[in-house]
Each structure stands twice: as structure tokens, then as C-alpha cells.
$ cat upload.cif   # mmCIF, C-alpha atoms
data_query
loop_
_atom_site.label_atom_id
_atom_site.label_comp_id
_atom_site.auth_asym_id
_atom_site.auth_seq_id
_atom_site.Cartn_x
_atom_site.Cartn_y
_atom_site.Cartn_z
CA MET K 1 -160.40 -154.67 -130.51
CA LYS K 2 -160.53 -156.42 -127.17
CA ARG K 3 -158.43 -155.90 -124.06
CA LEU K 4 -157.07 -158.99 -122.41
CA VAL K 5 -156.08 -158.50 -118.78
CA LEU K 6 -152.96 -160.56 -118.02
CA GLU K 7 -151.34 -159.19 -114.85
CA LYS K 8 -148.29 -161.41 -115.35
CA LYS K 9 -144.78 -160.81 -114.16
CA VAL K 10 -142.61 -160.14 -117.20
CA LEU K 11 -139.88 -162.38 -115.78
CA SER K 12 -142.28 -165.12 -114.67
CA GLU K 13 -140.32 -167.75 -116.64
CA ASN K 14 -137.10 -166.77 -114.84
CA ASP K 15 -138.97 -166.68 -111.52
CA ARG K 16 -140.33 -170.18 -112.16
CA ILE K 17 -136.81 -171.59 -112.68
CA ALA K 18 -135.52 -169.62 -109.67
CA ALA K 19 -138.25 -171.16 -107.52
CA ARG K 20 -137.18 -174.61 -108.72
CA LEU K 21 -133.55 -173.82 -107.80
CA ARG K 22 -134.61 -172.49 -104.41
CA ALA K 23 -136.48 -175.72 -103.71
CA GLN K 24 -133.40 -177.75 -104.67
CA PHE K 25 -131.18 -175.63 -102.44
CA ALA K 26 -133.60 -176.18 -99.55
CA GLU K 27 -133.77 -179.91 -100.17
CA HIS K 28 -129.98 -180.25 -100.14
CA GLY K 29 -129.36 -177.75 -97.35
CA ILE K 30 -127.38 -175.38 -99.58
CA TYR K 31 -127.00 -171.73 -98.64
CA CYS K 32 -126.71 -169.58 -101.77
CA LEU K 33 -125.49 -166.00 -102.19
CA ASN K 34 -125.62 -163.74 -105.27
CA PHE K 35 -122.84 -161.10 -105.37
CA ILE K 36 -123.64 -157.95 -107.36
CA SER K 37 -121.49 -154.87 -107.98
CA SER K 38 -120.09 -152.55 -110.61
CA PRO K 39 -117.12 -153.91 -112.56
CA GLY K 40 -113.96 -153.57 -110.49
CA SER K 41 -115.51 -153.25 -107.02
CA GLY K 42 -113.71 -156.36 -105.88
CA LYS K 43 -116.18 -159.25 -106.05
CA THR K 44 -113.54 -161.71 -107.19
CA SER K 45 -111.02 -160.50 -104.60
CA LEU K 46 -113.66 -160.82 -101.89
CA LEU K 47 -114.39 -164.38 -102.99
CA GLU K 48 -110.65 -165.20 -103.01
CA ARG K 49 -110.26 -163.93 -99.45
CA THR K 50 -113.45 -165.78 -98.47
CA LEU K 51 -112.36 -169.10 -99.96
CA GLU K 52 -108.97 -168.97 -98.27
CA ARG K 53 -110.70 -168.44 -94.91
CA MET K 54 -113.30 -171.18 -95.39
CA PRO K 55 -113.68 -173.33 -92.27
CA PRO K 56 -112.52 -176.91 -92.82
CA GLY K 57 -115.27 -179.25 -93.89
CA ARG K 58 -117.52 -176.64 -95.49
CA ARG K 59 -118.29 -177.76 -99.01
CA VAL K 60 -118.32 -174.68 -101.20
CA ALA K 61 -118.74 -174.13 -104.91
CA VAL K 62 -118.50 -170.96 -106.95
CA LEU K 63 -120.21 -169.87 -110.14
CA THR K 64 -118.76 -166.77 -111.69
CA GLY K 65 -120.35 -164.83 -114.51
CA ASP K 66 -118.58 -162.68 -117.04
CA ILE K 67 -119.34 -161.47 -120.52
CA GLN K 68 -116.03 -162.85 -121.80
CA THR K 69 -112.98 -164.78 -120.50
CA ASP K 70 -112.57 -167.38 -117.78
CA ASN K 71 -110.03 -165.25 -115.88
CA ASP K 72 -112.13 -165.14 -112.71
CA ALA K 73 -112.70 -168.88 -112.65
CA ARG K 74 -108.96 -169.45 -112.99
CA ARG K 75 -108.28 -167.05 -110.12
CA LEU K 76 -110.83 -168.76 -107.90
CA ALA K 77 -109.94 -172.36 -108.80
CA ARG K 78 -106.61 -172.02 -106.95
CA PHE K 79 -108.36 -172.60 -103.64
CA GLY K 80 -109.34 -176.18 -104.37
CA PHE K 81 -113.10 -175.76 -104.47
CA PRO K 82 -115.23 -176.48 -107.56
CA VAL K 83 -115.52 -173.34 -109.69
CA LYS K 84 -117.35 -172.87 -112.94
CA GLN K 85 -117.24 -169.87 -115.24
CA ILE K 86 -120.49 -168.84 -116.90
CA THR K 87 -119.63 -166.81 -119.98
CA THR K 88 -122.72 -164.89 -120.99
CA ALA K 89 -121.40 -163.92 -124.45
CA GLY K 90 -122.77 -160.42 -124.27
CA ALA K 91 -125.55 -160.67 -121.70
CA CYS K 92 -125.12 -158.16 -118.87
CA HIS K 93 -126.50 -160.41 -116.13
CA LEU K 94 -126.93 -164.02 -115.05
CA ASP K 95 -130.40 -165.52 -115.18
CA ALA K 96 -131.84 -168.55 -113.42
CA SER K 97 -131.60 -170.84 -116.45
CA MET K 98 -127.83 -170.21 -116.67
CA ILE K 99 -127.49 -171.27 -113.03
CA GLU K 100 -129.59 -174.37 -113.59
CA ARG K 101 -127.47 -175.40 -116.58
CA ALA K 102 -124.23 -174.73 -114.73
CA LEU K 103 -125.34 -176.86 -111.77
CA ALA K 104 -126.55 -179.75 -113.92
CA ASP K 105 -123.36 -181.81 -113.67
CA TRP K 106 -122.60 -181.08 -110.01
CA SER K 107 -123.96 -183.25 -107.23
CA LEU K 108 -125.94 -180.91 -104.99
CA ASN K 109 -125.67 -183.44 -102.17
CA ASP K 110 -122.00 -182.55 -101.92
CA LEU K 111 -122.55 -178.83 -101.34
CA ASP K 112 -123.23 -176.65 -98.30
CA LEU K 113 -122.62 -173.23 -99.81
CA LEU K 114 -122.95 -171.84 -103.32
CA LEU K 115 -121.41 -168.46 -104.09
CA ILE K 116 -122.55 -166.82 -107.32
CA GLU K 117 -120.51 -163.91 -108.64
CA ASN K 118 -122.75 -162.02 -111.03
CA VAL K 119 -121.60 -160.09 -114.09
CA GLY K 120 -120.11 -156.73 -113.04
CA ASN K 121 -123.10 -154.43 -113.39
CA LEU K 122 -125.03 -152.56 -110.73
CA VAL K 123 -128.32 -152.49 -112.63
CA CYS K 124 -129.33 -155.50 -114.68
CA PRO K 125 -128.51 -158.46 -112.40
CA THR K 126 -130.96 -157.10 -109.83
CA SER K 127 -134.01 -158.04 -111.87
CA TYR K 128 -133.11 -161.73 -112.13
CA ASP K 129 -133.84 -163.99 -109.19
CA LEU K 130 -131.30 -166.83 -109.17
CA GLY K 131 -132.93 -168.76 -106.34
CA GLU K 132 -130.41 -167.30 -103.89
CA HIS K 133 -131.06 -166.77 -100.17
CA ALA K 134 -129.56 -163.29 -100.24
CA LYS K 135 -128.03 -160.76 -102.56
CA ILE K 136 -124.83 -159.05 -101.46
CA VAL K 137 -123.93 -155.73 -103.01
CA VAL K 138 -120.25 -154.80 -103.09
CA LEU K 139 -119.40 -151.10 -103.27
CA SER K 140 -115.83 -149.83 -103.27
CA VAL K 141 -114.47 -146.56 -101.95
CA THR K 142 -113.18 -145.57 -105.38
CA GLU K 143 -116.78 -145.18 -106.56
CA GLY K 144 -119.18 -142.37 -105.71
CA GLU K 145 -120.88 -142.30 -102.29
CA ASP K 146 -124.19 -141.74 -104.06
CA LYS K 147 -124.22 -145.09 -105.91
CA PRO K 148 -127.04 -146.33 -103.62
CA LEU K 149 -129.18 -143.38 -104.68
CA LYS K 150 -128.33 -143.79 -108.36
CA TYR K 151 -128.93 -147.55 -108.41
CA PRO K 152 -131.55 -147.96 -105.70
CA ALA K 153 -132.95 -151.28 -106.91
CA THR K 154 -129.78 -153.23 -106.16
CA PHE K 155 -129.32 -151.70 -102.71
CA HIS K 156 -133.00 -152.16 -101.96
CA LYS K 157 -132.90 -155.87 -102.72
CA ALA K 158 -129.53 -156.66 -101.12
CA SER K 159 -129.34 -158.02 -97.57
CA LEU K 160 -125.77 -156.91 -97.00
CA MET K 161 -123.54 -154.18 -98.39
CA ILE K 162 -119.81 -154.88 -98.37
CA LEU K 163 -117.91 -151.60 -98.55
CA ASN K 164 -114.62 -152.72 -100.05
CA LYS K 165 -111.12 -151.25 -100.49
CA THR K 166 -111.14 -149.46 -97.11
CA ASP K 167 -107.31 -149.47 -97.26
CA LEU K 168 -107.70 -146.66 -99.82
CA LEU K 169 -109.85 -144.45 -97.56
CA PRO K 170 -106.92 -142.19 -96.55
CA HIS K 171 -106.18 -141.54 -100.23
CA VAL K 172 -109.63 -140.90 -101.73
CA PRO K 173 -112.30 -138.31 -100.98
CA PHE K 174 -114.86 -140.96 -100.10
CA ASP K 175 -117.04 -140.44 -97.02
CA TRP K 176 -118.06 -143.99 -96.07
CA ARG K 177 -120.58 -142.78 -93.47
CA LEU K 178 -122.29 -140.75 -96.19
CA ALA K 179 -122.35 -143.77 -98.51
CA ARG K 180 -123.85 -145.84 -95.69
CA SER K 181 -126.50 -143.21 -94.95
CA TYR K 182 -127.46 -143.11 -98.65
CA ALA K 183 -127.73 -146.89 -98.62
CA TRP K 184 -129.93 -146.73 -95.53
CA GLU K 185 -132.13 -144.11 -97.23
CA VAL K 186 -132.91 -146.73 -99.87
CA HIS K 187 -132.92 -149.70 -97.50
CA PRO K 188 -133.07 -148.80 -93.79
CA THR K 189 -132.25 -152.30 -92.49
CA LEU K 190 -129.38 -153.03 -94.89
CA GLU K 191 -126.44 -154.58 -93.04
CA VAL K 192 -123.07 -152.98 -93.79
CA ILE K 193 -119.57 -154.40 -93.37
CA LEU K 194 -116.39 -152.45 -94.17
CA VAL K 195 -113.75 -154.63 -95.74
CA SER K 196 -110.31 -154.43 -97.28
CA CYS K 197 -109.40 -157.44 -99.37
CA LEU K 198 -105.84 -156.09 -99.43
CA ASN K 199 -105.04 -155.64 -95.73
CA GLY K 200 -107.71 -157.96 -94.35
CA GLU K 201 -109.69 -155.36 -92.39
CA GLY K 202 -113.26 -156.49 -91.79
CA LEU K 203 -112.81 -159.93 -93.32
CA GLY K 204 -113.29 -161.53 -89.92
CA GLU K 205 -116.61 -159.76 -89.49
CA TRP K 206 -117.65 -160.80 -93.00
CA CYS K 207 -116.71 -164.45 -92.43
CA GLU K 208 -118.67 -164.42 -89.15
CA TRP K 209 -121.70 -163.08 -91.05
CA LEU K 210 -121.31 -165.91 -93.55
CA ASP K 211 -120.86 -168.55 -90.81
CA ARG K 212 -123.99 -167.30 -89.05
CA LYS K 213 -126.06 -167.44 -92.25
CA CYS K 214 -124.78 -170.92 -93.16
CA GLY K 215 -125.61 -172.06 -89.63
CA GLU K 216 -129.13 -170.65 -89.74
CA SER K 217 -129.69 -172.22 -93.14
CA ALA K 218 -128.50 -175.62 -91.93
CA VAL K 219 -130.92 -175.45 -88.97
CA VAL K 220 -133.82 -174.62 -91.31
CA ALA K 221 -132.82 -177.43 -93.69
CA ALA K 222 -132.59 -179.94 -90.84
CA GLY K 223 -136.01 -178.82 -89.60
CA GLU K 224 -137.53 -179.27 -93.03
CA ALA K 225 -135.87 -182.65 -93.50
CA SER K 226 -137.27 -183.93 -90.21
CA ALA K 227 -140.71 -182.58 -91.13
CA ARG K 228 -140.69 -184.55 -94.39
CA MET I 229 -128.95 -152.74 -120.86
CA HIS I 230 -130.97 -155.80 -119.91
CA GLU I 231 -134.00 -154.01 -121.35
CA LEU I 232 -133.45 -156.03 -124.54
CA SER I 233 -134.02 -159.31 -122.73
CA ILE I 234 -136.94 -157.78 -120.82
CA ALA I 235 -138.42 -156.67 -124.15
CA ALA I 236 -137.91 -160.17 -125.56
CA SER I 237 -139.75 -161.69 -122.57
CA ILE I 238 -142.63 -159.26 -123.10
CA LEU I 239 -142.81 -160.04 -126.82
CA GLU I 240 -142.80 -163.77 -126.18
CA THR I 241 -145.70 -163.52 -123.72
CA VAL I 242 -147.56 -161.17 -126.03
CA LYS I 243 -147.25 -163.63 -128.94
CA ARG I 244 -148.31 -166.58 -126.80
CA GLN I 245 -151.35 -164.73 -125.45
CA ALA I 246 -152.35 -163.61 -128.93
CA ALA I 247 -152.12 -167.15 -130.27
CA ALA I 248 -154.13 -168.52 -127.34
CA ASN I 249 -156.85 -165.90 -127.77
CA GLY I 250 -157.99 -166.11 -131.35
CA GLY I 251 -154.73 -165.29 -133.11
CA GLY I 252 -155.46 -161.58 -133.58
CA ARG I 253 -152.60 -159.13 -133.85
CA VAL I 254 -151.57 -157.32 -130.68
CA LYS I 255 -151.88 -153.56 -131.11
CA LYS I 256 -150.73 -152.46 -127.71
CA ALA I 257 -149.31 -153.97 -124.54
CA GLY I 258 -149.67 -152.39 -121.10
CA VAL I 259 -146.59 -152.70 -118.89
CA ARG I 260 -146.24 -151.59 -115.29
CA ILE I 261 -142.75 -150.61 -114.12
CA GLY I 262 -141.80 -149.69 -110.57
CA ALA I 263 -138.98 -147.31 -109.72
CA LEU I 264 -137.14 -150.15 -107.97
CA SER I 265 -137.49 -152.62 -110.84
CA GLY I 266 -134.11 -151.63 -112.26
CA VAL I 267 -135.65 -151.15 -115.70
CA ASP I 268 -135.30 -147.95 -117.71
CA THR I 269 -138.59 -147.16 -119.43
CA GLU I 270 -137.12 -145.31 -122.40
CA SER I 271 -134.61 -148.00 -123.27
CA LEU I 272 -137.31 -150.63 -122.83
CA ARG I 273 -139.51 -148.78 -125.30
CA PHE I 274 -136.58 -148.49 -127.71
CA CYS I 275 -135.65 -152.18 -127.43
CA PHE I 276 -139.23 -153.34 -127.82
CA GLY I 277 -139.64 -151.23 -130.96
CA ALA I 278 -136.43 -152.72 -132.34
CA ILE I 279 -137.37 -156.35 -131.79
CA VAL I 280 -140.98 -156.17 -133.01
CA ALA I 281 -139.92 -154.51 -136.27
CA GLY I 282 -140.24 -156.99 -139.09
CA THR I 283 -142.29 -159.45 -137.04
CA ARG I 284 -146.02 -160.05 -137.08
CA GLU I 285 -146.26 -157.74 -134.06
CA ALA I 286 -144.60 -154.84 -135.92
CA GLY I 287 -146.23 -151.61 -134.83
CA CYS I 288 -147.31 -153.01 -131.46
CA GLU I 289 -146.90 -150.23 -128.94
CA LEU I 290 -145.92 -150.37 -125.31
CA GLU I 291 -148.01 -148.35 -122.91
CA ILE I 292 -145.84 -147.96 -119.84
CA GLU I 293 -147.31 -147.11 -116.48
CA PHE I 294 -144.48 -145.97 -114.20
CA GLU I 295 -144.90 -146.38 -110.45
CA ALA I 296 -142.81 -144.13 -108.20
CA ALA I 297 -142.45 -146.91 -105.61
CA GLY I 298 -142.07 -150.66 -105.70
CA GLU I 299 -140.43 -153.31 -107.85
CA ALA I 300 -143.23 -153.97 -110.33
CA LEU I 301 -142.25 -155.39 -113.71
CA ASP I 302 -145.57 -156.64 -114.98
CA LEU I 303 -147.32 -157.21 -118.26
CA ALA I 304 -150.74 -155.90 -117.24
CA TRP I 305 -152.80 -156.27 -120.42
CA VAL I 306 -152.74 -156.53 -124.20
CA ASP I 307 -155.10 -155.04 -126.78
CA LEU I 308 -155.89 -157.64 -129.43
CA GLU I 309 -157.21 -156.93 -132.88
CA ASP I 310 -160.23 -159.12 -133.57
CA GLY I 311 -158.71 -162.22 -135.17
#
$ encode --input "upload.cif" --output "C-alpha cells"
Amino acid sequence: MKRLVLEKKVLSENDRIAARLRAQFAEHGIYCLNFISSPGSGKTSLLERTLERMPPGRRVAVLTGDIQTDNDARRLARFGFPVKQITTAGACHLDASMIERALADWSLNDLDLLLIENVGNLVCPTSYDLGEHAKIVVLSVTEGEDKPLKYPATFHKASLMILNKTDLLPHVPFDWRLARSYAWEVHPTLEVILVSCLNGEGLGEWCEWLDRKCGESAVVAAGEASAR
Amino acid sequence: MHELSIAASILETVKRQAAANGGGRVKKAGVRIGALSGVDTESLRFCFGAIVAGTREAGCELEIEFEAAGEALDLAWVDLEDG
């Protein structure tokens, strides 16, 4: 018997493809976000409200993952941007190779922003790097305040938490400050924006966040292009 | 339940390493899992047992080292039977 020391990341193959995607995004100046949440937290609604508020001239595309159906892609295609459904046929998450395949017949030169809606699942998608610049976790007020404590990995890795369905706050026993403090226990610098996709509350703040990130990304891309 | 695909990734690496190192059977694989990895150790053990059954690696055990902090999801070592 001999012991062979490997010290390899289990998902090194996924990480390798994600690194390749990240390099392509940088080369083409694309800002990429990976949206993660439980099923029904409102990822698709958030993307709908986001697409209808997109500033003119910003070239956006959406990839949306589901285990079955292309319902989300059909909802999102109404806004006139390229949308592609990734049907995972059972898999509970998107991985980097699915993203690479989905992007293969799109011209990356024609994109500024790529929004990836992951499969509804607060656990599994977290482990798979998709080459994105940031993960956004969506939590809704019809869930438990302690979700950040129960699923710490997702909240730890996210850059922003969108607390959705705030229009329901008067009707549900959800203490949003408590949810936020739990999230900060797991991730002290996590940004938090309260949003209602129904009455529009907070969408302005969210779109400003997105504009700022796209702007920063464009500056970095321009810097890298001039350095090449 | 992405532990099945995690288990498949581990098995693939284990097989490749065994083939590249004399072709001996792998008796045990050492995996390090951090609390923030998003991986459940018991379901990983279950899934790994299920996918090695009936393969050349049948009986290969996972030795899981759980870390209370961090995002580790590493294949640390394998024990190879002399090939």
C-alpha cells in the first residue's frame, strides 16, 4: 500500500473552465452575475424588472437554468434581449461547462452584461464557479429569517443579498433586520438591498448597484485592453 | 443533492491517479471538506459508495476530514494497493 498525496481541488475541472470563461469575459469587457436562491424567491421576476429598466445601449444577455421547462426563458425573452434556457435534465445546479456550451453560438463582442439565473437551490449552485464577477443571493420575505445561518456557504460567497417581496412585509412575520443580521453574521461585508418586484420598491437602488458594477468593469476592461 | 456530481468528480480523479501511478486499486481516498463548501459529508459518503459499487474501485472508502471553517473541497490523498 502506498499513499499518494494529491491536494487537488475536487472541482478543479470546473474551475479550469470557469477560469477560461472569466478570461473571455475580461477580454470582451463583459460583466457577469450569477443569481442564486431557493425556488420561488423571485429570481426571474427580478430579472424581468431589471431587463425592463435596462439603460439604452447596454447589450445584455441572459442564461437561465432550470431542471425542466423553458418557461423562464419565454418570460424573459419578451424584453428583446437574447435569452437562452439551460435545461439541466435533473442536475440541481449549473456548472461552467454548461455556460461555455450555451455561449458557444453567441458573439461575445456584442455583449456588455451577462446575467445567469441559476437553478432554484440555495445549496448546490454555490460550489460551482461559472466565471462570474459576483454571485447575488435572492432571499424573499416568505422564507425564514435564518436561511443565511442554515445555508451559510451561499451567503458567504455572495457579494449582494437582494431581499425580495418587501410588499408582503406587513402580512408575514418576517423580521428583515434579523435576516440581515444573520446574513452579516455569515458575511459581515455583504451588501443588502430590499426590493419588491411587485411594487417597484428598491429597484432603483438595485439598478444603480448594477450600473456602478458595469461601469467599474468597463473601466477595468479598458485598462486591460490598453495594457495589451 | 449535488453530492452525486461531487462524488463522480472524486471518482474520476481517483481512477486517473491510479492509472497514472502503476494501475493499483485505490483502497481509500482522503477528502477535506470545509463547513462553507456547501457539501454534506454524509450524503457525499452515500453517493460515493453508490457510484463505486460494481466498478473496479468497489470498496474504496472515503476518509472525510471536516473543517469547521473555510470552503475546502479537496481530494487530499489516495491509498493505492501495490499494482
$ resolve_selection --input "upload.cif" --expression "the PyMOL selection byres ((chain I) within 7 of (chain K))" --output "PyMOL selection string"
chain I and resi 229-230+237-238+264-266+301-310
$ resolve_selection --input "upload.cif" --expression "the PyMOL selection byres ((chain K and resi 220-222) around 12)" --output "list in words"
Arg22, Ala23, Gln24, Phe25, Ala26, Glu27, His28, Gly29, Ile30, Tyr31, Asp112, Lys213, Cys214, Gly215, Glu216, Ser217, Ala218, Val219, Gly223, Glu224, Ala225, Ser226, Ala227 and Arg228 of chain K
$ closest_residue --input "upload.cif" --among "I:Glu231, I:Glu285, I:Glu291, I:Glu299" --to "Leu272 (chain I)" --atoms "all atoms listed in the file"
I:Glu231
$ residues_around --input "upload.cif" --residues "Leu111 (chain K)" --least-positions-apart "3" --cutoff "7 Å" --atoms "only C-alpha atoms" --output "ChimeraX atom specification"
/K:30,59-60,108
$ residues_around --input "upload.cif" --residues "Asp70 (chain K)" --least-positions-apart "4" --cutoff "9 Å" --atoms "only C-alpha atoms" --output "PDB file with C-alpha atoms, in the frame of the given file"
ATOM      1  CA  THR K  64    -118.760-166.770-111.690  1.00  0.00           C
ATOM      2  CA  GLY K  65    -120.350-164.830-114.510  1.00  0.00           C
ATOM      3  CA  ASP K  66    -118.580-162.680-117.040  1.00  0.00           C
ATOM      4  CA  ARG K  74    -108.960-169.450-112.990  1.00  0.00           C
ATOM      5  CA  ARG K  75    -108.280-167.050-110.120  1.00  0.00           C
ATOM      6  CA  LYS K  84    -117.350-172.870-112.940  1.00  0.00           C
ATOM      7  CA  GLN K  85    -117.240-169.870-115.240  1.00  0.00           C
ATOM      8  CA  ILE K  86    -120.490-168.840-116.900  1.00  0.00           C
ATOM      9  CA  THR K  87    -119.630-166.810-119.980  1.00  0.00           C
TER      10      THR K  87
END
$ closest_residue --input "upload.cif" --among "I:Ala278, I:Ala263, I:Ala296, I:Cys288" --to "Val242 (chain I)" --atoms "only C-alpha atoms"
I:Cys288
$ atom_distance --input "upload.cif" --atom1 "CA of Pro82 (chain K)" --atom2 "CA of Asp105 (chain K)"
11.5 Å
$ residues_near_point --input "upload.cif" --point "(-143.0, -156.7, -138.1)" --cutoff "12 Å" --atoms "only C-alpha atoms" --output "list of chain:residue names"
I:Leu239, I:Arg253, I:Val254, I:Lys255, I:Phe276, I:Gly277, I:Ala278, I:Ile279, I:Val280, I:Ala281, I:Gly282, I:Thr283, I:Arg284, I:Glu285, I:Ala286, I:Gly287, I:Cys288, I:Glu289
$ resolve_selection --input "upload.cif" --expression "the PyMOL selection byres ((chain K and resi 159) around 6)" --output "list in words"
Ala134, Lys135, Ala158, Leu160 and Leu190 of chain K
$ atom_distance --input "upload.cif" --atom1 "CA of Cys275 (chain I)" --atom2 "CA of Ile17 (chain K)"
24.4 Å
$ closest_residue --input "upload.cif" --among "K:Asn109, K:Thr88, K:Gln68, K:Asn118" --to "Asn34 (chain K)" --atoms "all atoms listed in the file"
K:Asn118
$ atom_distance --input "upload.cif" --atom1 "CA of Ser181 (chain K)" --atom2 "CA of Leu130 (chain K)"
28.0 Å
$ residues_around --input "upload.cif" --residues "region 169-180 of chain K" --least-positions-apart "4" --cutoff "7 Å" --atoms "only C-alpha atoms" --output "list in words"
Val141, Thr142, Glu145, Asp146 and Trp184 of chain K
$ axis_aligned_box --input "upload.cif" --around "region 263-267 of chain I" --padding-each-side "5 Å" --output "lines of an AutoDock Vina configuration file"
center_x = -136.5
center_y = -150.0
center_z = -111.8
size_x = 14.9
size_y = 15.3
size_z = 17.7
$ build_atoms --input "upload.cif" --residues "region 20-35 of chain K" --atoms "N, CA and C atoms" --output "compact mmCIF listing (two decimals), in the frame of the given file"
# COMPACT_ATOMS: atom_id res chain seq x y z
N ARG K 20 -137.62 -173.21 -108.64
CA ARG K 20 -137.18 -174.61 -108.72
C ARG K 20 -135.78 -174.75 -108.09
N LEU K 21 -134.90 -173.80 -108.40
CA LEU K 21 -133.55 -173.82 -107.80
C LEU K 21 -133.64 -173.68 -106.29
N ARG K 22 -134.49 -172.76 -105.85
CA ARG K 22 -134.61 -172.49 -104.41
C ARG K 22 -135.06 -173.75 -103.68
N ALA K 23 -135.99 -174.48 -104.32
CA ALA K 23 -136.48 -175.72 -103.71
C ALA K 23 -135.36 -176.75 -103.64
N GLN K 24 -134.54 -176.81 -104.69
CA GLN K 24 -133.40 -177.75 -104.67
C GLN K 24 -132.39 -177.38 -103.59
N PHE K 25 -132.12 -176.08 -103.47
CA PHE K 25 -131.18 -175.63 -102.44
C PHE K 25 -131.70 -176.02 -101.05
N ALA K 26 -133.00 -175.84 -100.85
CA ALA K 26 -133.60 -176.18 -99.55
C ALA K 26 -133.50 -177.68 -99.30
N GLU K 27 -133.79 -178.45 -100.33
CA GLU K 27 -133.77 -179.91 -100.17
C GLU K 27 -132.37 -180.40 -99.80
N HIS K 28 -131.35 -179.78 -100.38
CA HIS K 28 -129.98 -180.25 -100.14
C HIS K 28 -129.26 -179.44 -99.06
N GLY K 29 -129.99 -178.53 -98.42
CA GLY K 29 -129.36 -177.75 -97.35
C GLY K 29 -128.24 -176.84 -97.84
N ILE K 30 -128.42 -176.26 -99.02
CA ILE K 30 -127.38 -175.38 -99.58
C ILE K 30 -127.75 -173.92 -99.32
N TYR K 31 -126.80 -173.16 -98.79
CA TYR K 31 -127.00 -171.73 -98.64
C TYR K 31 -126.39 -171.04 -99.86
N CYS K 32 -127.16 -170.16 -100.49
CA CYS K 32 -126.71 -169.58 -101.77
C CYS K 32 -126.72 -168.05 -101.72
N LEU K 33 -125.62 -167.47 -102.16
CA LEU K 33 -125.49 -166.00 -102.19
C LEU K 33 -125.21 -165.52 -103.61
N ASN K 34 -125.77 -164.36 -103.94
CA ASN K 34 -125.62 -163.74 -105.27
C ASN K 34 -124.90 -162.40 -105.08
N PHE K 35 -123.66 -162.31 -105.55
CA PHE K 35 -122.84 -161.10 -105.37
C PHE K 35 -123.01 -160.17 -106.57
